[in-house]
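See structure below.
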Amino acid sequence: MHAPAPPLIPSEMLLLAYRSGIFPMADSRDDPEIFWVEPRERAVFPLEAFTMSKSLRKAVRQDRFRVTCDTAFAEVVEACAQPRPDHPESWISHRIAASYAALNDLGHAQSVECWLDGKLVGGLYGVSFDQVFCGESMFSRADNASKVALVWLVAMLRHAGFKVLDCQFMTDHLASLGAVAMAQADYVKMIEDARGDAAMTLPEAYASLASGSDVGSDAEGAGALPPGKLIAQSLTQTS
């Protein structure tokens with residue numbers, strides 16, 4: 001007989017933890033236990049100062065990938081949990097994945113997906129509350145796929161009126177994309193200052209950007225530009 005699946009982490013507990021600046025991890029994919037992490041130092045992306053390299057801006061404008069929001073949440077989490085050369089064992093246990101799926105059902109977790117020739121080739125997911133988005137993990141199976149997903153996420157967050165994009169631990173990869181480090185106490189103060197509902201949900205912001213609604217444009221008109229060009233332009237105009 002199979003052992004019963006461990007209970008989900010209650011959604012209310014998860015949201016309280018994130019509002020307190022902590023988050024769960026596990027020692028392995030099959031570990032039913034979790035532990036709570038409160039880093040001494042956080043990594044965040046400054047939304048209003050987000051910049052793209054020329055090569056990344058080109059990749060976004062080319063619209064090589066079809067970008068979606070919340071159409072394959074479970075698949076993105078599963079891809080993020082797969083072993084990697086530098087991380088042979090995932091901290092995203094089955095229990096954690098199922099708990100985030102429940103948060104997604106409640107509208108407090110979202111994914112951004114990149115598709116190529118009908119296949120999921122990159123994406124990211126995270127937890128949202130108030131005007132805060134806590135990025136959990138990302139993956140890429142094609143050049144620039146996860147980076148393009150991140151650019152779209154930043155554009156969505158800014159369009160929706162979010163104030164904080166947390167990415168937990170600083171890495172060389174995140175630093176190369178513009179993440180900055182801050183003390184945990186400063187981070188907690190930042191999320192306290194970001195209380196209250198955002199202007200729209202992230203799926204609503206995605207739909208608005210993907211359709212060209214409410215995005216400044218040139219003489220061609222907002223609806224005349226492809227989504228990638230609109231995203232690159234929306235970040236360039238207000239950076």
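Scheme for the structure tokens: letters A, B, ... for chains in order shown; per-chain residue numbers from 1; ligand numbers from 1 in order shown.
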| request: List every residue of segment 2-125 of chain A that DSSP, applied to the backbone of this structure, assigns to alpha helix (DSSP H), and report them as a PyMOL selection string. | output: chain A and resi 11-19+54-62+73-80+94-105
Residues within 12 Å of Tyr206 of chain A, please, as a PDB file with C-alpha atoms, in the first residue's frame. Count only C-alpha atoms; anything in the same chain fewer than 2 positions from it doesn't count.
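File selection.pdb, as written:
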```pdb
ATOM      1  CA  VAL A  67       3.947  33.968 -23.926  1.00  0.00           C
ATOM      2  CA  THR A  68       0.975  33.104 -21.728  1.00  0.00           C
ATOM      3  CA  CYS A  69      -0.049  33.573 -18.107  1.00  0.00           C
ATOM      4  CA  ASP A  70      -1.546  30.898 -15.875  1.00  0.00           C
ATOM      5  CA  THR A  71      -2.283  28.420 -18.661  1.00  0.00           C
ATOM      6  CA  GLN A 110       0.669  32.624 -11.008  1.00  0.00           C
ATOM      7  CA  SER A 111       2.863  31.298 -13.770  1.00  0.00           C
ATOM      8  CA  VAL A 112       4.254  32.834 -16.948  1.00  0.00           C
ATOM      9  CA  GLU A 113       4.904  30.393 -19.782  1.00  0.00           C
ATOM     10  CA  ALA A 149       9.190  35.205 -19.157  1.00  0.00           C
ATOM     11  CA  VAL A 151      10.533  40.524 -18.784  1.00  0.00           C
ATOM     12  CA  TRP A 152       6.849  39.832 -19.331  1.00  0.00           C
ATOM     13  CA  LEU A 153       6.378  39.351 -15.581  1.00  0.00           C
ATOM     14  CA  VAL A 154       8.011  42.720 -14.839  1.00  0.00           C
ATOM     15  CA  ALA A 155       5.816  44.424 -17.429  1.00  0.00           C
ATOM     16  CA  MET A 156       2.713  42.770 -15.959  1.00  0.00           C
ATOM     17  CA  LEU A 157       3.631  43.734 -12.401  1.00  0.00           C
ATOM     18  CA  ARG A 158       4.244  47.347 -13.342  1.00  0.00           C
ATOM     19  CA  HIS A 159       1.060  47.491 -15.401  1.00  0.00           C
ATOM     20  CA  ALA A 160      -0.938  46.045 -12.490  1.00  0.00           C
ATOM     21  CA  MET A 200      -5.550  44.618 -11.314  1.00  0.00           C
ATOM     22  CA  THR A 201      -4.641  40.951 -11.074  1.00  0.00           C
ATOM     23  CA  LEU A 202      -1.680  39.585 -12.995  1.00  0.00           C
ATOM     24  CA  PRO A 203      -3.865  37.637 -15.456  1.00  0.00           C
ATOM     25  CA  GLU A 204      -5.767  40.881 -16.097  1.00  0.00           C
ATOM     26  CA  SER A 208      -4.245  44.028 -21.215  1.00  0.00           C
ATOM     27  CA  LEU A 209      -0.627  43.951 -22.370  1.00  0.00           C
ATOM     28  CA  ALA A 210      -1.128  41.080 -24.790  1.00  0.00           C
ATOM     29  CA  SER A 211      -3.983  42.964 -26.458  1.00  0.00           C
ATOM     30  CA  GLY A 212      -2.194  46.333 -26.436  1.00  0.00           C
ATOM     31  CA  SER A 213      -4.774  47.941 -24.160  1.00  0.00           C
ATOM     32  CA  ASP A 214      -3.717  50.919 -22.035  1.00  0.00           C
ATOM     33  CA  VAL A 215      -0.131  50.817 -23.292  1.00  0.00           C
ATOM     34  CA  PRO A 227       3.013  41.926 -28.106  1.00  0.00           C
ATOM     35  CA  LEU A 230       4.717  46.500 -26.848  1.00  0.00           C
ATOM     36  CA  ILE A 231       6.358  44.832 -23.848  1.00  0.00           C
TER      37      ILE A 231
END
```
| query | In terms of the shortest atom-to-atom distance over only C-alpha atoms, which of A:Asp27, A:Glu12, A:Asp172, A:Asp117 is closest to Glu89 of chain A? | reply | A:Asp27
| said: Just checking: using only C-alpha atoms, which residue out of A:Glu75, A:Glu41, A:Asp105, A:Asp30 ends up closest to Leu124 of chain A? | reply: A:Glu75
| field | Backbone DSSP call of strand (DSSP E or B) for segment 3-228 of chain A, listed as a count of residues only | value | 52
| task | Would you mind reading off the distance between atom CA of Glu136 of chain A and atom CA of Ser90 of chain A, one decimal, in Å? | result | 12.3 Å
| field | Near-Arg195 of chain A list (10 Å; only C-alpha atoms; drop same-chain fewer than 3 positions) as a count of residues only | value | 11
| Shell around Asn144 of chain A at 12 Å using only C-alpha atoms, local window under 5 positions removed, as an MDAnalysis selection string | chainID A and resid 53 55:60 62:65 114:116 121:123 138:139 149:151 177
Export C-alpha atoms of the chosen residues as a compact mmCIF listing (two decimals), in the first residue's frame?
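selection-v3.txt was written with the following content:
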```txt
# COMPACT_ATOMS: atom_id res chain seq x y z
CA SER A 53 20.34 44.21 -22.26
CA SER A 55 20.24 41.18 -26.72
CA LEU A 56 17.35 40.51 -24.34
CA ARG A 57 15.34 43.45 -25.69
CA LYS A 58 15.86 42.04 -29.17
CA ALA A 59 14.70 38.60 -28.04
CA VAL A 60 11.52 40.09 -26.54
CA GLN A 62 11.23 39.23 -31.96
CA ASP A 63 8.24 37.44 -30.41
CA ARG A 64 9.99 34.11 -30.95
CA PHE A 65 8.01 32.67 -28.05
CA CYS A 114 6.97 30.56 -22.98
CA TRP A 115 5.99 28.26 -25.83
CA LEU A 116 7.88 27.36 -29.01
CA VAL A 121 10.17 25.69 -23.28
CA GLY A 122 10.46 28.10 -20.37
CA GLY A 123 8.64 29.89 -17.61
CA MET A 138 12.13 29.48 -13.30
CA PHE A 139 13.29 27.08 -15.99
CA ALA A 149 9.19 35.21 -19.16
CA LEU A 150 10.81 37.45 -16.54
CA VAL A 151 10.53 40.52 -18.78
CA LEU A 177 19.50 40.41 -14.82
```
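Taking only C-alpha atoms, the non-local environment of Ala183 of chain A within 9 Å (same-chain residues fewer than 4 positions away omitted) comprises Pro39, Arg40, Glu41, Arg42, Ala43, Tyr187 and Val188 of chain A.
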Would you output that residue set with N, CA and C atoms, as a compact mmCIF listing (two decimals), in the first residue's frame?
```
# COMPACT_ATOMS: atom_id res chain seq x y z
N PRO A 39 15.75 34.23 5.03
CA PRO A 39 17.12 34.60 4.66
C PRO A 39 17.57 35.87 5.39
N ARG A 40 18.86 35.94 5.66
CA ARG A 40 19.39 37.18 6.23
C ARG A 40 19.42 38.28 5.19
N GLU A 41 19.56 37.87 3.93
CA GLU A 41 19.62 38.82 2.82
C GLU A 41 18.67 38.38 1.73
N ARG A 42 17.93 39.32 1.17
CA ARG A 42 16.98 39.02 0.10
C ARG A 42 17.48 39.57 -1.22
N ALA A 43 17.00 39.00 -2.29
CA ALA A 43 17.24 39.52 -3.63
C ALA A 43 15.92 40.01 -4.20
N TYR A 187 13.61 44.27 3.70
CA TYR A 187 12.65 43.60 2.83
C TYR A 187 11.29 43.50 3.51
N VAL A 188 11.26 43.14 4.78
CA VAL A 188 10.00 43.04 5.52
C VAL A 188 9.30 44.39 5.55
```
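Distances from A:Leu120, A:Met52, A:Ala175, A:Val76 to Val148 of chain A were compared using only C-alpha atoms, and the smallest one belongs to A:Met52.
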| task | Find the residues near Ala17 of chain A: any atom within 10 Å, counting only C-alpha atoms, skip ones fewer than 5 places away on the same chain, and give them as an NGL selection string. | result | :A and (11-12 or 22-24 or 36-38)
Export of the given selection (N, CA and C atoms) as a compact mmCIF listing (two decimals), in the first residue's frame:
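again-v8.txt, freshly written:
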```txt
# COMPACT_ATOMS: atom_id res chain seq x y z
N SER A 11 -3.38 27.24 2.84
CA SER A 11 -3.14 28.46 2.07
C SER A 11 -3.02 29.68 2.97
N GLU A 12 -3.83 29.72 4.02
CA GLU A 12 -3.76 30.86 4.94
C GLU A 12 -2.40 30.92 5.63
N ILE A 22 8.92 34.92 5.17
CA ILE A 22 9.48 33.57 5.19
C ILE A 22 8.76 32.70 4.17
N PHE A 23 9.38 31.57 3.82
CA PHE A 23 8.79 30.68 2.82
C PHE A 23 9.25 29.26 3.08
N PRO A 24 8.51 28.26 2.54
CA PRO A 24 8.84 26.86 2.82
C PRO A 24 9.79 26.26 1.79
N TRP A 36 10.92 26.12 7.26
CA TRP A 36 10.66 27.52 6.92
C TRP A 36 11.97 28.29 6.87
N VAL A 37 12.11 29.10 5.84
CA VAL A 37 13.36 29.82 5.58
C VAL A 37 13.14 31.32 5.73
N GLU A 38 14.04 31.96 6.46
CA GLU A 38 14.04 33.41 6.59
C GLU A 38 15.46 33.90 6.28
```
